[in-house]
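Colleague: mmCIF, C-alpha atoms and all ligand atoms, file start.cif:
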```cif
data_query
loop_
_atom_site.group_PDB
_atom_site.id
_atom_site.type_symbol
_atom_site.label_atom_id
_atom_site.label_comp_id
_atom_site.auth_asym_id
_atom_site.auth_seq_id
_atom_site.Cartn_x
_atom_site.Cartn_y
_atom_site.Cartn_z
ATOM 1 C CA MET A 1 2.714 50.903 57.391
ATOM 2 C CA TYR A 2 3.222 50.092 61.048
ATOM 3 C CA LYS A 3 0.335 50.344 63.462
ATOM 4 C CA ASN A 4 0.470 53.279 65.887
ATOM 5 C CA LYS A 5 1.474 51.678 69.212
ATOM 6 C CA LEU A 6 0.409 54.628 71.357
ATOM 7 C CA CYS A 7 -3.193 55.007 72.495
ATOM 8 C CA GLU A 8 -3.993 58.680 73.163
ATOM 9 C CA LEU A 9 -6.881 59.435 75.507
ATOM 10 C CA THR A 10 -7.445 63.033 74.496
ATOM 11 C CA PRO A 11 -9.890 65.343 76.345
ATOM 12 C CA ASN A 12 -12.346 64.678 73.536
ATOM 13 C CA ARG A 13 -12.245 60.918 74.213
ATOM 14 C CA LEU A 14 -12.488 61.425 77.988
ATOM 15 C CA ASP A 15 -15.603 63.533 77.639
ATOM 16 C CA LYS A 16 -18.585 61.613 79.069
ATOM 17 C CA THR A 17 -16.222 59.253 80.862
ATOM 18 C CA ASN A 18 -16.741 58.446 84.516
ATOM 19 C CA GLN A 19 -13.789 56.305 85.588
ATOM 20 C CA ILE A 20 -10.519 55.060 84.206
ATOM 21 C CA ILE A 21 -9.802 51.628 85.681
ATOM 22 C CA ILE A 22 -6.180 50.508 85.664
ATOM 23 C CA ILE A 23 -5.192 46.855 85.975
ATOM 24 C CA GLY A 24 -1.591 45.759 86.616
ATOM 25 C CA ASP A 25 0.072 42.368 86.046
ATOM 26 C CA ILE A 26 -2.457 39.498 86.224
ATOM 27 C CA HIS A 27 -0.115 36.564 85.522
ATOM 28 C CA GLY A 28 -2.662 33.780 85.145
ATOM 29 C CA ASP A 29 -4.860 34.768 88.132
ATOM 30 C CA TYR A 30 -8.316 34.376 86.558
ATOM 31 C CA GLU A 31 -10.229 35.264 89.739
ATOM 32 C CA SER A 32 -8.530 38.665 89.888
ATOM 33 C CA PHE A 33 -9.150 39.172 86.177
ATOM 34 C CA LYS A 34 -12.882 38.505 86.619
ATOM 35 C CA LYS A 35 -13.107 40.853 89.595
ATOM 36 C CA ALA A 36 -11.245 43.536 87.655
ATOM 37 C CA ARG A 37 -13.605 43.126 84.707
ATOM 38 C CA SER A 38 -16.638 43.486 86.991
ATOM 39 C CA LEU A 39 -15.483 46.995 87.993
ATOM 40 C CA PHE A 40 -15.803 48.151 84.401
ATOM 41 C CA ASN A 41 -18.959 49.844 83.131
ATOM 42 C CA PRO A 42 -18.558 49.870 79.333
ATOM 43 C CA THR A 43 -20.987 52.714 78.764
ATOM 44 C CA GLN A 44 -18.989 55.220 80.796
ATOM 45 C CA ASP A 45 -15.561 53.839 81.800
ATOM 46 C CA TYR A 46 -12.233 52.987 80.242
ATOM 47 C CA ILE A 47 -10.334 49.945 81.434
ATOM 48 C CA ILE A 48 -6.592 49.821 80.798
ATOM 49 C CA PHE A 49 -4.624 46.593 81.239
ATOM 50 C CA LEU A 50 -0.869 47.017 81.702
ATOM 51 C CA GLY A 51 0.182 43.604 80.339
ATOM 52 C CA ASP A 52 1.608 40.287 81.633
ATOM 53 C CA TYR A 53 -1.617 38.313 81.301
ATOM 54 C CA ALA A 54 -0.274 34.764 81.454
ATOM 55 C CA ASP A 55 2.507 32.682 83.074
ATOM 56 C CA ARG A 56 3.090 31.969 86.781
ATOM 57 C CA GLY A 57 -0.657 31.414 87.513
ATOM 58 C CA GLU A 58 -2.751 28.571 86.096
ATOM 59 C CA ASN A 59 -5.181 30.394 83.815
ATOM 60 C CA GLY A 60 -3.324 32.399 81.195
ATOM 61 C CA ILE A 61 -5.376 30.902 78.355
ATOM 62 C CA GLU A 62 -8.735 31.725 79.950
ATOM 63 C CA ILE A 63 -7.609 35.291 80.681
ATOM 64 C CA ILE A 64 -6.346 35.875 77.150
ATOM 65 C CA GLU A 65 -9.519 34.463 75.600
ATOM 66 C CA SER A 66 -11.767 36.515 77.923
ATOM 67 C CA LEU A 67 -9.759 39.662 77.308
ATOM 68 C CA LYS A 68 -9.982 39.132 73.537
ATOM 69 C CA ARG A 69 -13.769 38.867 73.805
ATOM 70 C CA LEU A 70 -13.912 41.992 75.972
ATOM 71 C CA ILE A 71 -11.838 43.981 73.458
ATOM 72 C CA LYS A 72 -13.990 42.743 70.596
ATOM 73 C CA LYS A 73 -17.174 43.759 72.405
ATOM 74 C CA TYR A 74 -15.969 47.192 73.546
ATOM 75 C CA PRO A 75 -13.077 48.140 71.254
ATOM 76 C CA MET A 76 -13.289 51.834 72.115
ATOM 77 C CA ARG A 77 -13.319 51.306 75.892
ATOM 78 C CA VAL A 78 -10.939 48.408 76.569
ATOM 79 C CA ILE A 79 -7.253 49.159 76.139
ATOM 80 C CA ALA A 80 -4.697 46.376 76.514
ATOM 81 C CA LEU A 81 -0.962 46.992 76.685
ATOM 82 C CA LYS A 82 1.838 44.610 75.860
ATOM 83 C CA GLY A 83 3.965 43.324 78.739
ATOM 84 C CA ASN A 84 7.268 41.515 78.495
ATOM 85 C CA HIS A 85 5.279 38.262 78.842
ATOM 86 C CA GLU A 86 3.617 39.096 75.519
ATOM 87 C CA ASP A 87 6.981 39.436 73.777
ATOM 88 C CA TYR A 88 7.388 36.598 71.255
ATOM 89 C CA THR A 89 9.139 36.194 67.914
ATOM 90 C CA GLN A 90 6.954 35.820 64.823
ATOM 91 C CA ARG A 91 7.418 32.065 65.127
ATOM 92 C CA GLY A 92 6.145 31.944 68.700
ATOM 93 C CA GLU A 93 9.379 31.782 70.657
ATOM 94 C CA PRO A 94 9.094 33.638 73.992
ATOM 95 C CA GLN A 95 11.607 36.425 74.625
ATOM 96 C CA PHE A 96 11.354 35.958 78.407
ATOM 97 C CA LYS A 97 11.549 33.201 81.009
ATOM 98 C CA PRO A 98 9.814 31.298 82.457
ATOM 99 C CA CYS A 99 7.011 30.813 79.927
ATOM 100 C CA SER A 100 4.273 28.435 81.078
ATOM 101 C CA LEU A 101 1.662 29.542 78.511
ATOM 102 C CA ILE A 102 3.154 27.133 75.960
ATOM 103 C CA TYR A 103 2.530 24.142 78.272
ATOM 104 C CA GLU A 104 -0.922 25.442 79.109
ATOM 105 C CA ALA A 105 -1.722 25.602 75.378
ATOM 106 C CA TYR A 106 -0.617 21.965 74.981
ATOM 107 C CA ARG A 107 -2.768 20.839 77.893
ATOM 108 C CA LYS A 108 -5.862 22.907 77.187
ATOM 109 C CA ARG A 109 -5.867 23.670 73.453
ATOM 110 C CA GLY A 110 -3.995 20.723 71.976
ATOM 111 C CA GLY A 111 -0.731 22.426 71.047
ATOM 112 C CA TRP A 112 1.217 25.645 70.835
ATOM 113 C CA THR A 113 1.664 26.276 67.108
ATOM 114 C CA LYS A 114 -2.033 26.424 66.345
ATOM 115 C CA PHE A 115 -2.939 28.391 69.479
ATOM 116 C CA PHE A 116 -0.129 30.852 68.827
ATOM 117 C CA GLY A 117 -0.953 31.323 65.144
ATOM 118 C CA ASP A 118 -4.738 31.413 65.397
ATOM 119 C CA GLU A 119 -5.360 32.978 68.801
ATOM 120 C CA PHE A 120 -2.380 34.513 70.510
ATOM 121 C CA ARG A 121 -0.414 36.197 67.746
ATOM 122 C CA PRO A 122 -3.424 38.175 66.418
ATOM 123 C CA PHE A 123 -4.004 39.349 70.010
ATOM 124 C CA VAL A 124 -0.375 40.328 70.616
ATOM 125 C CA VAL A 125 0.083 42.300 67.395
ATOM 126 C CA ASN A 126 -2.849 44.514 68.331
ATOM 127 C CA LEU A 127 -1.642 45.349 71.848
ATOM 128 C CA TYR A 128 -0.539 48.910 72.480
ATOM 129 C CA LEU A 129 2.869 49.734 73.924
ATOM 130 C CA ALA A 130 1.655 52.758 75.900
ATOM 131 C CA VAL A 131 -1.350 54.926 76.716
ATOM 132 C CA VAL A 132 -1.047 58.656 77.240
ATOM 133 C CA ILE A 133 -3.509 61.092 78.775
ATOM 134 C CA PRO A 134 -1.973 64.372 77.564
ATOM 135 C CA GLU A 135 -0.653 66.636 80.349
ATOM 136 C CA GLU A 136 -1.486 63.940 82.910
ATOM 137 C CA VAL A 137 -0.290 60.326 82.755
ATOM 138 C CA LEU A 138 1.732 57.839 80.746
ATOM 139 C CA PHE A 139 0.792 54.172 81.222
ATOM 140 C CA VAL A 140 3.352 51.489 80.311
ATOM 141 C CA HIS A 141 4.215 47.971 81.421
ATOM 142 C CA GLY A 142 7.819 48.427 82.540
ATOM 143 C CA GLY A 143 9.113 51.960 82.308
ATOM 144 C CA VAL A 144 11.069 54.445 80.249
ATOM 145 C CA SER A 145 14.638 55.192 79.265
ATOM 146 C CA ARG A 146 16.506 58.130 77.767
ATOM 147 C CA ARG A 147 15.998 56.514 74.375
ATOM 148 C CA VAL A 148 12.382 57.723 74.558
ATOM 149 C CA GLY A 149 12.943 61.211 73.198
ATOM 150 C CA SER A 150 9.403 62.194 72.264
ATOM 151 C CA ILE A 151 5.829 61.012 71.982
ATOM 152 C CA GLU A 152 6.580 59.948 68.404
ATOM 153 C CA ASP A 153 9.023 57.358 69.743
ATOM 154 C CA LEU A 154 6.102 55.657 71.478
ATOM 155 C CA LYS A 155 3.874 55.749 68.398
ATOM 156 C CA TYR A 156 6.350 54.009 66.125
ATOM 157 C CA PRO A 157 8.954 52.565 68.513
ATOM 158 C CA SER A 158 12.241 51.016 67.474
ATOM 159 C CA ARG A 159 12.832 47.532 68.835
ATOM 160 C CA LEU A 160 15.259 49.010 71.393
ATOM 161 C CA ILE A 161 12.668 51.460 72.665
ATOM 162 C CA GLU A 162 10.053 48.712 72.793
ATOM 163 C CA LYS A 163 12.375 46.580 74.931
ATOM 164 C CA ASP A 164 13.102 49.489 77.280
ATOM 165 C CA VAL A 165 9.389 50.183 77.751
ATOM 166 C CA LEU A 166 8.559 46.499 78.355
ATOM 167 C CA TRP A 167 11.422 45.646 80.680
ATOM 168 C CA SER A 168 12.702 48.698 82.580
ATOM 169 C CA ASP A 169 12.338 49.405 86.304
ATOM 170 C CA PRO A 170 12.597 52.609 88.352
ATOM 171 C CA TYR A 171 15.279 52.701 91.028
ATOM 172 C CA ASP A 172 16.022 54.939 93.964
ATOM 173 C CA GLY A 173 18.870 56.972 92.519
ATOM 174 C CA GLU A 174 19.863 59.018 89.518
ATOM 175 C CA GLY A 175 20.875 58.125 85.995
ATOM 176 C CA GLU A 176 20.254 55.069 83.891
ATOM 177 C CA TYR A 177 22.005 51.706 84.081
ATOM 178 C CA ILE A 178 21.793 48.196 82.641
ATOM 179 C CA ASN A 179 18.953 46.206 84.179
ATOM 180 C CA MET A 180 19.838 42.984 86.040
ATOM 181 C CA ARG A 181 16.992 41.336 84.090
ATOM 182 C CA GLY A 182 19.322 41.481 81.082
ATOM 183 C CA VAL A 183 16.958 43.690 79.039
ATOM 184 C CA GLY A 184 15.867 47.298 79.529
ATOM 185 C CA VAL A 185 17.327 49.705 82.064
ATOM 186 C CA ILE A 186 16.923 50.818 85.619
ATOM 187 C CA PHE A 187 16.076 54.516 85.542
ATOM 188 C CA GLY A 188 16.549 57.113 88.246
ATOM 189 C CA LYS A 189 14.331 60.009 89.180
ATOM 190 C CA ASP A 190 16.170 62.480 86.963
ATOM 191 C CA VAL A 191 15.310 60.233 84.001
ATOM 192 C CA SER A 192 11.608 59.995 84.983
ATOM 193 C CA LYS A 193 11.490 63.775 85.282
ATOM 194 C CA GLU A 194 13.171 64.327 81.924
ATOM 195 C CA ILE A 195 10.986 61.839 80.042
ATOM 196 C CA CYS A 196 7.768 63.117 81.653
ATOM 197 C CA GLN A 197 8.694 66.616 80.459
ATOM 198 C CA LYS A 198 9.475 65.404 76.936
ATOM 199 C CA ILE A 199 6.219 63.469 76.677
ATOM 200 C CA GLY A 200 4.147 66.156 78.390
ATOM 201 C CA VAL A 201 2.827 64.210 81.383
ATOM 202 C CA LYS A 202 3.081 64.570 85.162
ATOM 203 C CA ARG A 203 3.528 60.915 86.028
ATOM 204 C CA ILE A 204 4.029 57.341 84.887
ATOM 205 C CA VAL A 205 1.834 54.427 86.014
ATOM 206 C CA ARG A 206 3.331 50.961 85.419
ATOM 207 C CA SER A 207 3.300 47.395 86.700
ATOM 208 C CA HIS A 208 6.045 44.780 85.987
ATOM 209 C CA GLN A 209 7.145 44.497 89.652
ATOM 210 C CA PRO A 210 4.061 43.100 91.450
ATOM 211 C CA ARG A 211 6.015 42.318 94.597
ATOM 212 C CA LYS A 212 7.009 45.962 94.914
ATOM 213 C CA ALA A 213 3.291 46.803 95.161
ATOM 214 C CA SER A 214 2.433 43.874 97.440
ATOM 215 C CA LYS A 215 -0.035 45.798 99.638
ATOM 216 C CA GLU A 216 -0.748 49.076 97.880
ATOM 217 C CA PRO A 217 0.559 51.214 95.031
ATOM 218 C CA CYS A 218 4.296 51.850 95.304
ATOM 219 C CA VAL A 219 4.985 55.556 94.766
ATOM 220 C CA GLU A 220 8.538 56.584 93.846
ATOM 221 C CA HIS A 221 10.508 59.389 92.217
ATOM 222 C CA ASP A 222 8.761 62.248 94.072
ATOM 223 C CA GLY A 223 5.354 60.875 93.125
ATOM 224 C CA ARG A 224 6.222 60.641 89.464
ATOM 225 C CA VAL A 225 6.328 56.829 89.160
ATOM 226 C CA ILE A 226 3.566 54.567 90.509
ATOM 227 C CA THR A 227 3.741 50.749 90.440
ATOM 228 C CA ILE A 228 0.598 48.633 90.787
ATOM 229 C CA SER A 229 -0.227 44.898 90.965
ATOM 230 C CA SER A 230 -3.427 42.997 90.184
ATOM 231 C CA THR A 231 -2.356 39.413 90.873
ATOM 232 C CA HIS A 232 -2.442 37.068 93.851
ATOM 233 C CA VAL A 233 0.100 34.637 92.387
ATOM 234 C CA TYR A 234 2.857 35.807 94.730
ATOM 235 C CA GLY A 235 0.573 35.644 97.775
ATOM 236 C CA ASP A 236 0.241 39.421 97.933
ATOM 237 C CA LYS A 237 -2.716 41.794 97.680
ATOM 238 C CA ALA A 238 -4.145 42.447 94.218
ATOM 239 C CA PHE A 239 -5.816 45.725 93.367
ATOM 240 C CA ALA A 240 -7.005 48.029 90.611
ATOM 241 C CA LEU A 241 -6.906 51.809 90.443
ATOM 242 C CA LYS A 242 -10.263 53.490 89.869
ATOM 243 C CA LEU A 243 -9.501 57.005 88.744
ATOM 244 C CA PRO A 244 -12.088 59.751 88.136
ATOM 245 C CA ALA A 245 -11.598 60.822 84.526
ATOM 246 C CA ASN A 246 -12.370 64.480 85.243
ATOM 247 C CA ASN A 247 -10.159 64.886 88.291
ATOM 248 C CA LEU A 248 -6.963 62.911 87.822
ATOM 249 C CA ASP A 249 -4.652 65.339 89.567
ATOM 250 C CA ASP A 250 -6.537 65.235 92.867
ATOM 251 C CA ALA A 251 -6.893 61.454 92.625
ATOM 252 C CA PHE A 252 -3.122 61.005 92.454
ATOM 253 C CA GLN A 253 -2.678 63.256 95.512
ATOM 254 C CA ASP A 254 -4.978 60.935 97.453
ATOM 255 C CA LEU A 255 -4.309 57.614 95.770
ATOM 256 C CA GLU A 256 -5.338 55.243 98.584
ATOM 257 C CA LYS A 257 -8.953 56.379 98.116
ATOM 258 C CA HIS A 258 -8.842 55.073 94.546
ATOM 259 C CA VAL A 259 -7.468 51.616 95.283
ATOM 260 C CA GLU A 260 -9.981 48.788 94.805
ATOM 261 C CA TYR A 261 -8.850 45.423 96.176
ATOM 262 C CA LEU A 262 -9.546 42.375 94.030
HETATM 263 MN MN MN B 301 6.567 42.174 83.461
#
```
Just give me the structure of the file as structure tokens.
Modeller:
Amino acid sequence: MYKNKLCELTPNRLDKTNQIIIIGDIHGDYESFKKARSLFNPTQDYIIFLGDYADRGENGIEIIESLKRLIKKYPMRVIALKGNHEDYTQRGEPQFKPCSLIYEAYRKRGGWTKFFGDEFRPFVVNLYLAVVIPEEVLFVHGGVSRRVGSIEDLKYPSRLIEKDVLWSDPYDGEGEYINMRGVGVIFGKDVSKEICQKIGVKRIVRSHQPRKASKEPCVEHDGRVITISSTHVYGDKAFALKLPANNLDDAFQDLEKHVEYL
């Protein structure tokens, strides 16, 4: 039996929750990771990581190990998504470029095979593909495509759907086309609208394009798609979203008030 890859934050689970903290791509920036973690109060908050923990920055290993400890300590409150930089074959071959985590593992942990088998693979297989707050928000790393026909497709995704969710990007137009990245699609605002309706949410929060959110959240598709970034590796601002669990709709209307710089 496959593991359900969709984390559902139902009203029942959000009861007695203060904030939902959302963290975008970190990409080896340990300082931003530590600041993000310090925003989280485990007795009353959720923290959702949108993936891409390693590569580009220097400290992928430290971030992955810290995040594993955080999940272990607060399994009900820490939710980590898979990004395209967590996409490896069973044998540890990255499905993306460039991958610097392998070299980091050689330098810091004495090799890749052992680190992958003992530490990284068990972490990756337990990552979610998406989080949904019913009637409100879908959180993913990359985006959506017309292949996502229902919420069930996110619970038990085909490999094609998984790739679309990990790799896709919104674009300022209509329809759905091949992505220049070589995987996933670029999706227009008609596609966002259609998929939001099918899944039963108002909007999609994603990361995957940190430079698009270099100063603040990038809001596209009539407010339906929001891109965030939580890394300094490109020399840009890094931030988290701190959303009030009981008033999400208003928070999205006034998003700048819920941006916390890291
Ligand atoms: Mn990415």
Colleague: Apply the PyMOL selection byres (((chain A and resi 27) around 6) and not hetatm) to the file shown and report the selected residues as an MDAnalysis selection string.
Modeller: chainID A and resid 25:26 28:29 52:57
Colleague: Which residues match the PyMOL selection byres (((chain A and resi 175-182) around 12) and not hetatm) in the file above, as a ChimeraX atom specification?
Modeller: /A:84,95-97,142-147,163-164,166-174,183-194,208-209
Colleague: Identify all residues satisfying the PyMOL selection byres (((chain A and resi 207) around 10) and not hetatm) in the given file; provide them as a PyMOL selection string.
Modeller: chain A and resi 23-26+49-52+83+139-143+166+169+205-206+208-213+217-218+226-230
Colleague: Would you list the contacts of Val125 in chain A as number ranges by chain, taking every protein, DNA or RNA residue within 10 Å and counting only C-alpha atoms, but skipping same-chain residues closer than 6 positions in sequence?
Modeller: A: 3, 5, 82, 86-87, 90
Colleague: Would you mind reading off the distance between CA of Asn126 in chain A and CA of Leu81 in chain A, one decimal, in Å?
Modeller: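 CA of Leu81 in chain A lies at a distance of 8.9 Å from CA of Asn126 in chain A.
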Colleague: Please provide as a compact mmCIF listing (two decimals) with C-alpha atoms, in the coordinates of the input all residues within 12 Å of Thr10 in chain A, with the sequence filter that same-chain residues fewer than 2 positions apart are discarded (counting all atoms listed in the file).
Modeller:
```txt
# COMPACT_ATOMS: atom_id res chain seq x y z
CA LEU A 6 0.41 54.63 71.36
CA CYS A 7 -3.19 55.01 72.50
CA GLU A 8 -3.99 58.68 73.16
CA ASN A 12 -12.35 64.68 73.54
CA ARG A 13 -12.24 60.92 74.21
CA LEU A 14 -12.49 61.42 77.99
CA ASP A 15 -15.60 63.53 77.64
CA THR A 17 -16.22 59.25 80.86
CA VAL A 131 -1.35 54.93 76.72
CA VAL A 132 -1.05 58.66 77.24
CA ILE A 133 -3.51 61.09 78.78
CA PRO A 134 -1.97 64.37 77.56
CA GLU A 135 -0.65 66.64 80.35
CA GLU A 136 -1.49 63.94 82.91
CA VAL A 137 -0.29 60.33 82.76
CA ALA A 245 -11.60 60.82 84.53
CA ASN A 246 -12.37 64.48 85.24
```
Colleague: So which residues touch range 59-67 of chain A within 12 Å, counting all atoms listed in the file, skipping near sequence neighbours fewer than 6 positions away, as a PyMOL selection string?
Modeller: chain A and resi 25-37+47-49+51-53+73-75+78-81+85-86+99-109+112+115-116+118-124+127+231+233
Colleague: Tell me, in Å to one decimal, how far CA of Lys215 in chain A is from CA of Glu58 in chain A.
Modeller: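 So the two atoms, CA of Lys215 in chain A and CA of Glu58 in chain A, lie 22.1 Å apart.
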Colleague: Go through A:Leu9, A:Ile20, A:Val165, A:Ile151 one by one, measure the shortest atom-to-atom distance of each to ligand MN 301 (chain B) using only C-alpha atoms and all ligand atoms, and give the residue with the smallest value.
Modeller: A:Val165
Colleague: So how far away is CA of Leu243 in chain A from CA of Arg77 in chain A, in Å?
Modeller: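 Taking CA of Arg77 in chain A and CA of Leu243 in chain A, their separation equals 14.6 Å.
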